[in-house]
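Before any comments, here is the structure.
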Amino acid sequence: MKILVYENTFQGFLTAIYEAFYSLEKPAKIISKFDYLRDFQLQLETEVVEISVNQEKADKVYNAVLKKISTGTLSNLYYLFLSSDYDKGILAFYYLKFAFKKGKYTDNYLVDENVKPVHDIVWKVKQEKHRMKGLLRFKLLDNGIYYAAFEPDHDITELIAPHFSRRLGDQFWIIHDLKRLKAALYNKEEWIISDLTEKELPPLSAKEIEIQEIWKKYFKHISIKERKNNKLQKSFMPVRYWKHLVEKEE
Amino acid sequence: METVKKMAILADSAKYDVSCSSSGSNRKNSGGVGNGALSGICHSWSEDGRCISLLKTLYTNNCVYDCAYCINRISNDIPRASFTPRELADLTIDFYRRNYIEGLFLSSGVYPNPDKTMENLIETMEILRKEYKFFGYIHVKAIPGADPVLINKAGMLADRMSVNIELPSEKSLRLLAPQKSKEKIFKPMAQITQGLLQIGEEKGKYRFSQKFVPAGQSTQMIVGATNDTDLSIISLSQGLYDNFKLKRVYYSAYVPVNEGPNLPALIQAPPMKRENRLYQADWLLRFYGFKASELLDQDNQNFDMDLDPKCDWAIRHFDFFPVEINKASYNEILRVPGIGVKSAKKIIKMRKFGKIDFLGLKKLGVVLKRAKYFITCNGRYSEGLYIYPENLRNKLIQKKPADMQIKIFLESGL
């Protein structure tokens with residue numbers, strides 16, 4: 001069983017897809033180094049090929065998708081890469097194989113076995129992106145920075161950063177993905193992505209607790225007790241996100 | 001009084017207004033804080049499962065009116081509180097910067113009179129928009145009876161405005177809210193509609209036209225406080241969408257908060273199922289091309305509690321079916337129970353590239369359990385399906401009969 005292992009960047013992902021297209025024996029799996037290192041079973045396999053990033057090969061795939069298929073397909077490929085799906089590599093390979101046959105109409109084949117799994121994953125990533133625009137919570141630190149920690153299912157930090165740079169453009173903020181130990185840092189002009197380990201934060205600003213108390217009070221009182229429906233609440237706002245919600249903290 | 005106490009009192013007083021939508025405005029952030037998100041964003045969900053998008057509060061819960069259904073009526077002995085414009089604007093900004101909310105939903109009891117109330121709301125919005133350069137979403141109530149000049153001014157600052165009709169008939173108004181009248185409620189609504197139309201015209205003439213309630217206007221009706229029928233409610237909605245260009249009509253299952261001779265008993269549970277049916281019907285009006293008169297008539301004045309309005313319509317118009325998935329128009333496909341707007345659009349898109357069969361429909365997300373009785377794929381019904389129109393209703397009613405459940409229970413040997 002041939003297994004390709006790629007470095008966990010979009011370029012690395014595209015390089016692996018390139019190699020898959022140009023190798024005689026088609027790979028059974030294309031997985032990220034991150035997943036590979038956690039999978040001991042897989043490490044016993046013999047035919048593991050580690051692919052290092054090759055900008056030229058990555059560009060070739062990128063441009064071919066853009067020219068011969070569509071920007072929509074390229075965007076799907078990127079969202080797929082950001083997902084935490086274990087099989088995203090091999091799914092991308094079969095999706096593109098199909099796409100090079102069907103060209104710009106690829107994404108109209110909504111129920112095709114090569115297309116639907118990709119669309120389903122892309123939907124999940126987009127869904128989480130939209131949810132986090134609402135569920136992210138900033139806390140004001142005493143150094144004047146608004147800090148938000150979250151643990152999303154998918155790697156969506158760079159997907160939501162543009163939204164917050166437009167919206168909260170006149171304040172310093174940090175969006176910190178505690179699962180992937182990366183963060184978006186914004187300095188009132190531009191945002192960058194950086195590695196950020198979990199270290200001790202500066203204390204909260206004096207006003208922060210007061211505002212949080214008012215918000216919690218509001219949250220409690222805006223609910224109509226005669227209509228109580230926790231199941232509905234959880235279906236909209238999955239419990240795994242509650243950890244970082246001010247109003248759900250005890 | 002501390003802000004946190006005021007917040008508790010005024011949130012309690014505001015919560016029976018169901019609208020919390022933040023959609024429809026794409027106001028840009030130009031050098032301040034906030035912007036509109038066209039599709040709207042929910043920021044949290046309270047324990048009743050309702051979305052929290054805006055900071056929904058009253059400016060004051062003091063009120064000179066004595067509407068029988070309202071928690072804030074003058075004759076109720078409840079804690080009273082008022083914000084100041086500055087306090088409320090500060091709170092909005094503090095919440096917004098922490099991403100708790102999309103903006104502010106600003107309503108108020110009428111105190112001491114409509115003009116003064118409207119002025120307080122305007123002052124709050126002016127601090128937000130002008131002083132704090134806030135470009136986030138603001139939904140404001142137009143207070144019936146306020147000077148048209150004030151209503152217009154509010155419209156220039158807000159993204160959405162609403163006037164609540166609350167009771168769908170003149171008779172019910174007389175019974176429960178004798179200080180209000182149909183004219184008083186519809187006058188500001190008509191003015192907002194007029195303002196929207198005027199801005200629409202100017203858009204073509206000038207390069208920069210001012211914004212006037214870019215997210216349109218909405219209203220709310222209480223369900224179950226009076227004996228108004230679903231037909232009268234939904235017909236009124238139809239009129240509001242057609243004539244007043246409303247964006248949304250909200251329905252609020254009446255929560256008995258007061259005692260009164262003309263009101264349902266305090267112990268009665270809110271009619272949630274009925275509210276749900278009205279929303280389903282409302283969607284049919286707005287997105288499915290149905291008319292109120294198709295859904296209900298003089299012989300059927302209320303919705304069937306066991307069956308959703310679309311299924312109900314389909315059974316009563318069985319000669320309209322079957323719809324052939326590979327040939328029928330978008331509007332015909334939309335009328336099939338179990339097919340929603342998204343699935344219908346996908347069907348239209350997909351069938352250009354090949355015939356669709358039942359398996360394909362299932363993968364698209366069509367609810368075949370309901371749809372199969374009303375459609376054919378490539379000229380055929382679903383395999384092995386026999387349709388007895390007289391039995392269709394029972395097949396479509398979702399809940400299992402009680403004895404059926406017991407039977408399953410016994411057979412499974414538990």
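The way I read the labels, and the way they are meant: chains A, B, ... in the order of the structure tokens, residue 1 as the first residue of every chain, and ligand 1 as the first ligand shown, with later ones counted on from there.
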7 Å contacts from chain A to chain B using only C-alpha atoms, as a VMD selection string:
chain A and resid 108 to 111 134 to 139 166 to 170 214 217 to 219 221 to 225 227 to 230 232 to 233 237
Based on the backbone DSSP call, show me all residues of region 35-120 of chain B assigned strand (DSSP E), as a PDB file with C-alpha atoms, in the first residue's frame.
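Here's the written file part-v7.pdb:
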ATOM      1  CA  SER B  44     -25.260  32.953  21.007  1.00  0.00           C
ATOM      2  CA  TRP B  45     -28.381  30.959  21.795  1.00  0.00           C
ATOM      3  CA  CYS B  51     -30.703  33.103  18.683  1.00  0.00           C
ATOM      4  CA  ILE B  52     -29.029  36.094  20.305  1.00  0.00           C
ATOM      5  CA  LEU B  54     -28.478  41.838  18.997  1.00  0.00           C
ATOM      6  CA  LEU B  55     -28.429  43.383  22.415  1.00  0.00           C
ATOM      7  CA  LYS B  56     -32.195  43.430  22.747  1.00  0.00           C
ATOM      8  CA  THR B  57     -33.296  45.768  25.458  1.00  0.00           C
ATOM      9  CA  LEU B  58     -35.742  48.476  26.274  1.00  0.00           C
ATOM     10  CA  GLY B 103     -25.522  45.423  17.284  1.00  0.00           C
ATOM     11  CA  LEU B 104     -28.431  46.905  19.155  1.00  0.00           C
ATOM     12  CA  PHE B 105     -32.157  46.168  19.143  1.00  0.00           C
ATOM     13  CA  LEU B 106     -33.611  49.251  20.693  1.00  0.00           C
ATOM     14  CA  SER B 107     -37.161  49.370  21.888  1.00  0.00           C
TER      15      SER B 107
END
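Restricting the calculation to only C-alpha atoms, the smallest distance between Ile93 (chain B) and any of A:Ile211, A:Leu245, A:Ala184, A:Gln11 is found for A:Ile211.
Residues in contact range of region 194-196 of chain A, defined as at most 10 Å between only C-alpha atoms, with sequence neighbours fewer than 4 positions away removed, read His176, Asp177, Leu178, Arg180, Leu181, Lys182, Ala183, Ala184 and Leu185 of chain A.
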Output the selection as a PDB file, in the first residue's frame - N, CA and C atoms for each residue.
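Generated output (out.pdb):
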ATOM      1  N   HIS A 176      -6.564  33.237  18.942  1.00  0.00           N
ATOM      2  CA  HIS A 176      -5.621  32.180  19.282  1.00  0.00           C
ATOM      3  C   HIS A 176      -6.255  30.799  19.169  1.00  0.00           C
ATOM      4  N   ASP A 177      -5.759  29.989  18.242  1.00  0.00           N
ATOM      5  CA  ASP A 177      -6.231  28.613  18.096  1.00  0.00           C
ATOM      6  C   ASP A 177      -5.419  27.722  19.043  1.00  0.00           C
ATOM      7  N   LEU A 178      -6.028  27.320  20.131  1.00  0.00           N
ATOM      8  CA  LEU A 178      -5.303  26.559  21.156  1.00  0.00           C
ATOM      9  C   LEU A 178      -5.056  25.112  20.737  1.00  0.00           C
ATOM     10  N   ARG A 180      -4.174  24.197  17.560  1.00  0.00           N
ATOM     11  CA  ARG A 180      -3.067  24.163  16.595  1.00  0.00           C
ATOM     12  C   ARG A 180      -1.912  25.073  16.992  1.00  0.00           C
ATOM     13  N   LEU A 181      -2.075  25.748  18.141  1.00  0.00           N
ATOM     14  CA  LEU A 181      -1.052  26.643  18.672  1.00  0.00           C
ATOM     15  C   LEU A 181      -0.586  27.666  17.644  1.00  0.00           C
ATOM     16  N   LYS A 182      -1.563  28.261  16.984  1.00  0.00           N
ATOM     17  CA  LYS A 182      -1.278  29.342  16.057  1.00  0.00           C
ATOM     18  C   LYS A 182      -2.230  30.496  16.353  1.00  0.00           C
ATOM     19  N   ALA A 183      -1.886  31.658  15.849  1.00  0.00           N
ATOM     20  CA  ALA A 183      -2.739  32.801  16.145  1.00  0.00           C
ATOM     21  C   ALA A 183      -2.705  33.813  15.010  1.00  0.00           C
ATOM     22  N   ALA A 184      -3.793  34.582  14.914  1.00  0.00           N
ATOM     23  CA  ALA A 184      -3.798  35.749  14.042  1.00  0.00           C
ATOM     24  C   ALA A 184      -3.588  36.956  14.942  1.00  0.00           C
ATOM     25  N   LEU A 185      -2.610  37.784  14.584  1.00  0.00           N
ATOM     26  CA  LEU A 185      -2.296  38.969  15.380  1.00  0.00           C
ATOM     27  C   LEU A 185      -2.607  40.200  14.552  1.00  0.00           C
TER      28      LEU A 185
END
Do a neighbour search on Gln191 (chain B) at 12 Å with only C-alpha atoms, toss out local chain neighbours closer than 2 positions, and write the hits as an MDAnalysis selection string.
chainID B and resid 142 144:155 161:163 184:189 193:198 212:213 217 244:245
Let's have the selection written as a tab-separated table (two decimals), in the first residue's frame, with N, CA and C atoms.
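Once everything was written out, this is result_37.tsv:
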chain	number	residue	atom	x	y	z
B	142	ALA	N	-40.15	52.03	15.73
B	142	ALA	CA	-40.83	53.29	15.49
B	142	ALA	C	-41.99	53.33	16.47
B	144	PRO	N	-45.44	54.28	17.66
B	144	PRO	CA	-46.68	54.80	17.08
B	144	PRO	C	-47.09	56.10	17.79
B	145	GLY	N	-47.47	57.06	16.99
B	145	GLY	CA	-47.90	58.33	17.56
B	145	GLY	C	-46.79	59.37	17.61
B	146	ALA	N	-45.54	58.96	17.30
B	146	ALA	CA	-44.45	59.94	17.30
B	146	ALA	C	-44.51	60.78	16.03
B	147	ASP	N	-43.97	61.99	16.13
B	147	ASP	CA	-43.93	62.92	15.01
B	147	ASP	C	-43.22	62.28	13.80
B	148	PRO	N	-43.80	62.36	12.60
B	148	PRO	CA	-43.18	61.78	11.41
B	148	PRO	C	-41.74	62.26	11.18
B	149	VAL	N	-41.45	63.49	11.60
B	149	VAL	CA	-40.08	64.01	11.44
B	149	VAL	C	-39.10	63.15	12.25
B	150	LEU	N	-39.54	62.76	13.45
B	150	LEU	CA	-38.69	61.93	14.31
B	150	LEU	C	-38.52	60.52	13.73
B	151	ILE	N	-39.62	60.00	13.22
B	151	ILE	CA	-39.56	58.66	12.62
B	151	ILE	C	-38.56	58.66	11.47
B	152	ASN	N	-38.61	59.71	10.68
B	152	ASN	CA	-37.72	59.82	9.54
B	152	ASN	C	-36.26	59.91	9.99
B	153	LYS	N	-36.05	60.69	11.03
B	153	LYS	CA	-34.71	60.86	11.57
B	153	LYS	C	-34.15	59.51	12.07
B	154	ALA	N	-35.01	58.76	12.75
B	154	ALA	CA	-34.60	57.45	13.25
B	154	ALA	C	-34.23	56.53	12.09
B	155	GLY	N	-35.01	56.61	11.03
B	155	GLY	CA	-34.77	55.75	9.87
B	155	GLY	C	-33.43	56.01	9.21
B	161	MET	N	-36.20	49.05	10.95
B	161	MET	CA	-37.19	49.61	11.86
B	161	MET	C	-38.38	48.68	11.91
B	162	SER	N	-39.07	48.72	13.03
B	162	SER	CA	-40.27	47.91	13.10
B	162	SER	C	-41.32	48.57	13.97
B	163	VAL	N	-42.55	48.28	13.62
B	163	VAL	CA	-43.69	48.67	14.43
B	163	VAL	C	-44.45	47.38	14.67
B	184	LYS	N	-53.14	54.26	14.14
B	184	LYS	CA	-51.94	54.70	14.85
B	184	LYS	C	-50.75	53.78	14.54
B	185	ILE	N	-51.04	52.49	14.37
B	185	ILE	CA	-49.97	51.52	14.11
B	185	ILE	C	-49.52	51.57	12.66
B	186	PHE	N	-50.51	51.67	11.75
B	186	PHE	CA	-50.17	51.60	10.34
B	186	PHE	C	-49.55	52.89	9.79
B	187	LYS	N	-49.80	54.00	10.49
B	187	LYS	CA	-49.28	55.27	9.98
B	187	LYS	C	-47.75	55.27	9.89
B	188	PRO	N	-47.04	54.96	11.00
B	188	PRO	CA	-45.57	54.92	10.86
B	188	PRO	C	-45.08	53.84	9.90
B	189	MET	N	-45.81	52.71	9.83
B	189	MET	CA	-45.41	51.67	8.88
B	189	MET	C	-45.45	52.18	7.46
B	193	THR	N	-42.39	52.64	4.71
B	193	THR	CA	-42.48	52.10	3.35
B	193	THR	C	-42.24	53.20	2.33
B	194	GLN	N	-42.91	54.35	2.58
B	194	GLN	CA	-42.77	55.49	1.68
B	194	GLN	C	-41.32	55.95	1.59
B	195	GLY	N	-40.67	56.03	2.76
B	195	GLY	CA	-39.27	56.45	2.81
B	195	GLY	C	-38.37	55.51	2.03
B	196	LEU	N	-38.65	54.21	2.14
B	196	LEU	CA	-37.86	53.21	1.44
B	196	LEU	C	-38.01	53.36	-0.07
B	197	LEU	N	-39.27	53.59	-0.50
B	197	LEU	CA	-39.54	53.73	-1.93
B	197	LEU	C	-38.81	54.95	-2.48
B	198	GLN	N	-38.85	56.04	-1.69
B	198	GLN	CA	-38.24	57.28	-2.13
B	198	GLN	C	-36.72	57.12	-2.30
B	212	PHE	N	-31.52	54.77	4.26
B	212	PHE	CA	-32.74	54.84	5.07
B	212	PHE	C	-33.18	53.40	5.32
B	213	VAL	N	-33.16	52.99	6.59
B	213	VAL	CA	-33.42	51.60	6.98
B	213	VAL	C	-33.08	50.58	5.88
B	217	GLN	N	-38.17	46.95	6.95
B	217	GLN	CA	-38.94	46.94	8.20
B	217	GLN	C	-39.61	45.61	8.46
B	244	PHE	N	-46.84	46.72	1.98
B	244	PHE	CA	-45.92	47.51	2.78
B	244	PHE	C	-44.46	47.11	2.57
B	245	LYS	N	-44.24	46.15	1.69
B	245	LYS	CA	-42.87	45.69	1.38
B	245	LYS	C	-42.10	45.28	2.63
With only C-alpha atoms as the basis for distance, which of A:Ile69, A:Leu37, A:Val125, A:Val53 is at the shortest distance from Thr9 (chain A)?
A:Val53
Selection: 9 Å around Ser293 (chain B), only C-alpha atoms, excl. self and same-chain fewer than 2 positions, as a JSON list (two decimals) with N, CA and C atoms, in the first residue's frame:
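around-v2.json written:
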[["chain", "number", "residue", "atom", "x", "y", "z"],
["B", 231, "LEU", "N", -56.12, 32.16, 9.49],
["B", 231, "LEU", "CA", -56.43, 32.78, 8.20],
["B", 231, "LEU", "C", -56.30, 34.29, 8.28],
["B", 234, "ILE", "N", -52.48, 35.20, 8.66],
["B", 234, "ILE", "CA", -51.64, 34.97, 7.48],
["B", 234, "ILE", "C", -52.07, 35.86, 6.30],
["B", 235, "SER", "N", -53.36, 36.19, 6.26],
["B", 235, "SER", "CA", -53.83, 37.11, 5.22],
["B", 235, "SER", "C", -53.25, 38.50, 5.46],
["B", 290, "PHE", "N", -46.50, 30.77, -2.68],
["B", 290, "PHE", "CA", -47.88, 30.50, -2.28],
["B", 290, "PHE", "C", -48.59, 31.80, -1.91],
["B", 291, "LYS", "N", -49.91, 31.78, -2.03],
["B", 291, "LYS", "CA", -50.73, 32.90, -1.55],
["B", 291, "LYS", "C", -51.50, 32.42, -0.31],
["B", 295, "LEU", "N", -53.58, 28.56, 1.07],
["B", 295, "LEU", "CA", -53.26, 27.74, 2.24],
["B", 295, "LEU", "C", -54.46, 27.54, 3.16],
["B", 296, "LEU", "N", -55.27, 28.59, 3.30],
["B", 296, "LEU", "CA", -56.43, 28.51, 4.18],
["B", 296, "LEU", "C", -57.61, 29.20, 3.50],
["B", 297, "ASP", "N", -58.82, 28.82, 3.88],
["B", 297, "ASP", "CA", -60.00, 29.50, 3.36],
["B", 297, "ASP", "C", -61.11, 29.49, 4.40]]
Extract, using only C-alpha atoms, all DNA, RNA and protein residues at most 12 Å from region 76-85 of chain A, discarding same-chain residues fewer than 5 positions from it, and format them as a PyMOL selection string.
chain A and resi 6-14+16-17+30-32+34-35+61-62+65-66+69-71+90-96+99+106-107+115-129+152-159+179-180
Measuring atom to atom with only C-alpha atoms, identify which of B:Ile325, B:Leu236, B:Ile122, B:Val257 is nearest to Cys67 (chain B).
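Closest candidate: B:Val257.
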With a distance cut-off of 7 Å and only C-alpha atoms, select the neighbouring residues of region 21-28 of chain A, excluding the residue or stretch itself and same-chain residues fewer than 3 positions from it, and output the selection as a VMD selection string.
chain A and resid 1 to 4 17 to 18
Running DSSP on the backbone, which parts of region 60-222 of chain B land in helix (DSSP H, G or I), as a PyMOL selection string?
chain B and resi 85-97+114-131+148-157+170-176+182-205
The selected residues should be written to file as a PDB file, in the first residue's frame (atoms: C-alpha atoms).
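So part00.pdb came out as:
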ATOM      1  CA  PRO B  85     -28.555  57.258  26.037  1.00  0.00           C
ATOM      2  CA  ARG B  86     -24.871  57.369  27.013  1.00  0.00           C
ATOM      3  CA  GLU B  87     -25.094  54.273  29.199  1.00  0.00           C
ATOM      4  CA  LEU B  88     -26.781  52.235  26.518  1.00  0.00           C
ATOM      5  CA  ALA B  89     -24.390  53.387  23.792  1.00  0.00           C
ATOM      6  CA  ASP B  90     -21.386  52.514  25.962  1.00  0.00           C
ATOM      7  CA  LEU B  91     -22.768  49.088  26.724  1.00  0.00           C
ATOM      8  CA  THR B  92     -23.407  48.409  23.046  1.00  0.00           C
ATOM      9  CA  ILE B  93     -19.830  49.294  22.156  1.00  0.00           C
ATOM     10  CA  ASP B  94     -18.373  47.259  25.031  1.00  0.00           C
ATOM     11  CA  PHE B  95     -20.379  44.204  23.984  1.00  0.00           C
ATOM     12  CA  TYR B  96     -19.601  44.726  20.319  1.00  0.00           C
ATOM     13  CA  ARG B  97     -15.838  44.977  20.799  1.00  0.00           C
ATOM     14  CA  PRO B 114     -44.399  58.990  22.044  1.00  0.00           C
ATOM     15  CA  ASP B 115     -42.320  62.001  20.927  1.00  0.00           C
ATOM     16  CA  LYS B 116     -40.070  62.047  23.979  1.00  0.00           C
ATOM     17  CA  THR B 117     -39.595  58.273  23.726  1.00  0.00           C
ATOM     18  CA  MET B 118     -38.595  58.481  20.089  1.00  0.00           C
ATOM     19  CA  GLU B 119     -36.196  61.318  20.917  1.00  0.00           C
ATOM     20  CA  ASN B 120     -34.447  59.189  23.552  1.00  0.00           C
ATOM     21  CA  LEU B 121     -33.980  56.381  21.062  1.00  0.00           C
ATOM     22  CA  ILE B 122     -32.636  58.811  18.485  1.00  0.00           C
ATOM     23  CA  GLU B 123     -30.201  60.305  20.964  1.00  0.00           C
ATOM     24  CA  THR B 124     -28.820  56.853  21.776  1.00  0.00           C
ATOM     25  CA  MET B 125     -28.366  56.116  18.079  1.00  0.00           C
ATOM     26  CA  GLU B 126     -26.735  59.469  17.446  1.00  0.00           C
ATOM     27  CA  ILE B 127     -24.108  58.863  20.110  1.00  0.00           C
ATOM     28  CA  LEU B 128     -23.409  55.484  18.555  1.00  0.00           C
ATOM     29  CA  ARG B 129     -23.322  56.538  14.934  1.00  0.00           C
ATOM     30  CA  LYS B 130     -21.782  59.998  15.166  1.00  0.00           C
ATOM     31  CA  GLU B 131     -19.672  60.109  18.282  1.00  0.00           C
ATOM     32  CA  PRO B 148     -43.181  61.781  11.405  1.00  0.00           C
ATOM     33  CA  VAL B 149     -40.082  64.010  11.444  1.00  0.00           C
ATOM     34  CA  LEU B 150     -38.693  61.933  14.310  1.00  0.00           C
ATOM     35  CA  ILE B 151     -39.556  58.657  12.622  1.00  0.00           C
ATOM     36  CA  ASN B 152     -37.718  59.821   9.537  1.00  0.00           C
ATOM     37  CA  LYS B 153     -34.709  60.856  11.574  1.00  0.00           C
ATOM     38  CA  ALA B 154     -34.600  57.445  13.252  1.00  0.00           C
ATOM     39  CA  GLY B 155     -34.770  55.753   9.866  1.00  0.00           C
ATOM     40  CA  MET B 156     -31.669  57.603   8.735  1.00  0.00           C
ATOM     41  CA  LEU B 157     -29.700  56.154  11.657  1.00  0.00           C
ATOM     42  CA  GLU B 170     -59.329  45.926  15.171  1.00  0.00           C
ATOM     43  CA  LYS B 171     -61.626  43.976  17.451  1.00  0.00           C
ATOM     44  CA  SER B 172     -58.761  42.406  19.376  1.00  0.00           C
ATOM     45  CA  LEU B 173     -57.070  45.776  19.682  1.00  0.00           C
ATOM     46  CA  ARG B 174     -60.202  47.262  21.213  1.00  0.00           C
ATOM     47  CA  LEU B 175     -60.363  44.356  23.606  1.00  0.00           C
ATOM     48  CA  LEU B 176     -56.764  44.236  24.790  1.00  0.00           C
ATOM     49  CA  LYS B 182     -55.125  50.367  13.650  1.00  0.00           C
ATOM     50  CA  GLU B 183     -54.491  53.841  12.224  1.00  0.00           C
ATOM     51  CA  LYS B 184     -51.936  54.696  14.848  1.00  0.00           C
ATOM     52  CA  ILE B 185     -49.966  51.515  14.114  1.00  0.00           C
ATOM     53  CA  PHE B 186     -50.167  51.604  10.337  1.00  0.00           C
ATOM     54  CA  LYS B 187     -49.279  55.267   9.981  1.00  0.00           C
ATOM     55  CA  PRO B 188     -45.569  54.920  10.860  1.00  0.00           C
ATOM     56  CA  MET B 189     -45.407  51.666   8.884  1.00  0.00           C
ATOM     57  CA  ALA B 190     -46.700  53.407   5.820  1.00  0.00           C
ATOM     58  CA  GLN B 191     -44.260  56.235   6.365  1.00  0.00           C
ATOM     59  CA  ILE B 192     -41.294  53.837   6.510  1.00  0.00           C
ATOM     60  CA  THR B 193     -42.475  52.098   3.353  1.00  0.00           C
ATOM     61  CA  GLN B 194     -42.771  55.491   1.682  1.00  0.00           C
ATOM     62  CA  GLY B 195     -39.274  56.446   2.812  1.00  0.00           C
ATOM     63  CA  LEU B 196     -37.857  53.211   1.436  1.00  0.00           C
ATOM     64  CA  LEU B 197     -39.537  53.734  -1.928  1.00  0.00           C
ATOM     65  CA  GLN B 198     -38.238  57.280  -2.131  1.00  0.00           C
ATOM     66  CA  ILE B 199     -34.652  56.212  -1.402  1.00  0.00           C
ATOM     67  CA  GLY B 200     -35.057  53.514  -4.026  1.00  0.00           C
ATOM     68  CA  GLU B 201     -35.925  56.152  -6.615  1.00  0.00           C
ATOM     69  CA  GLU B 202     -33.090  58.459  -5.612  1.00  0.00           C
ATOM     70  CA  LYS B 203     -30.585  55.663  -5.927  1.00  0.00           C
ATOM     71  CA  GLY B 204     -30.931  55.850  -9.670  1.00  0.00           C
ATOM     72  CA  LYS B 205     -30.485  59.630  -9.814  1.00  0.00           C
TER      73      LYS B 205
END
Rounded to one decimal in Å, what is the spacing between CA of Ser169 (chain B) and CA of Asp228 (chain B)?
7.3 Å
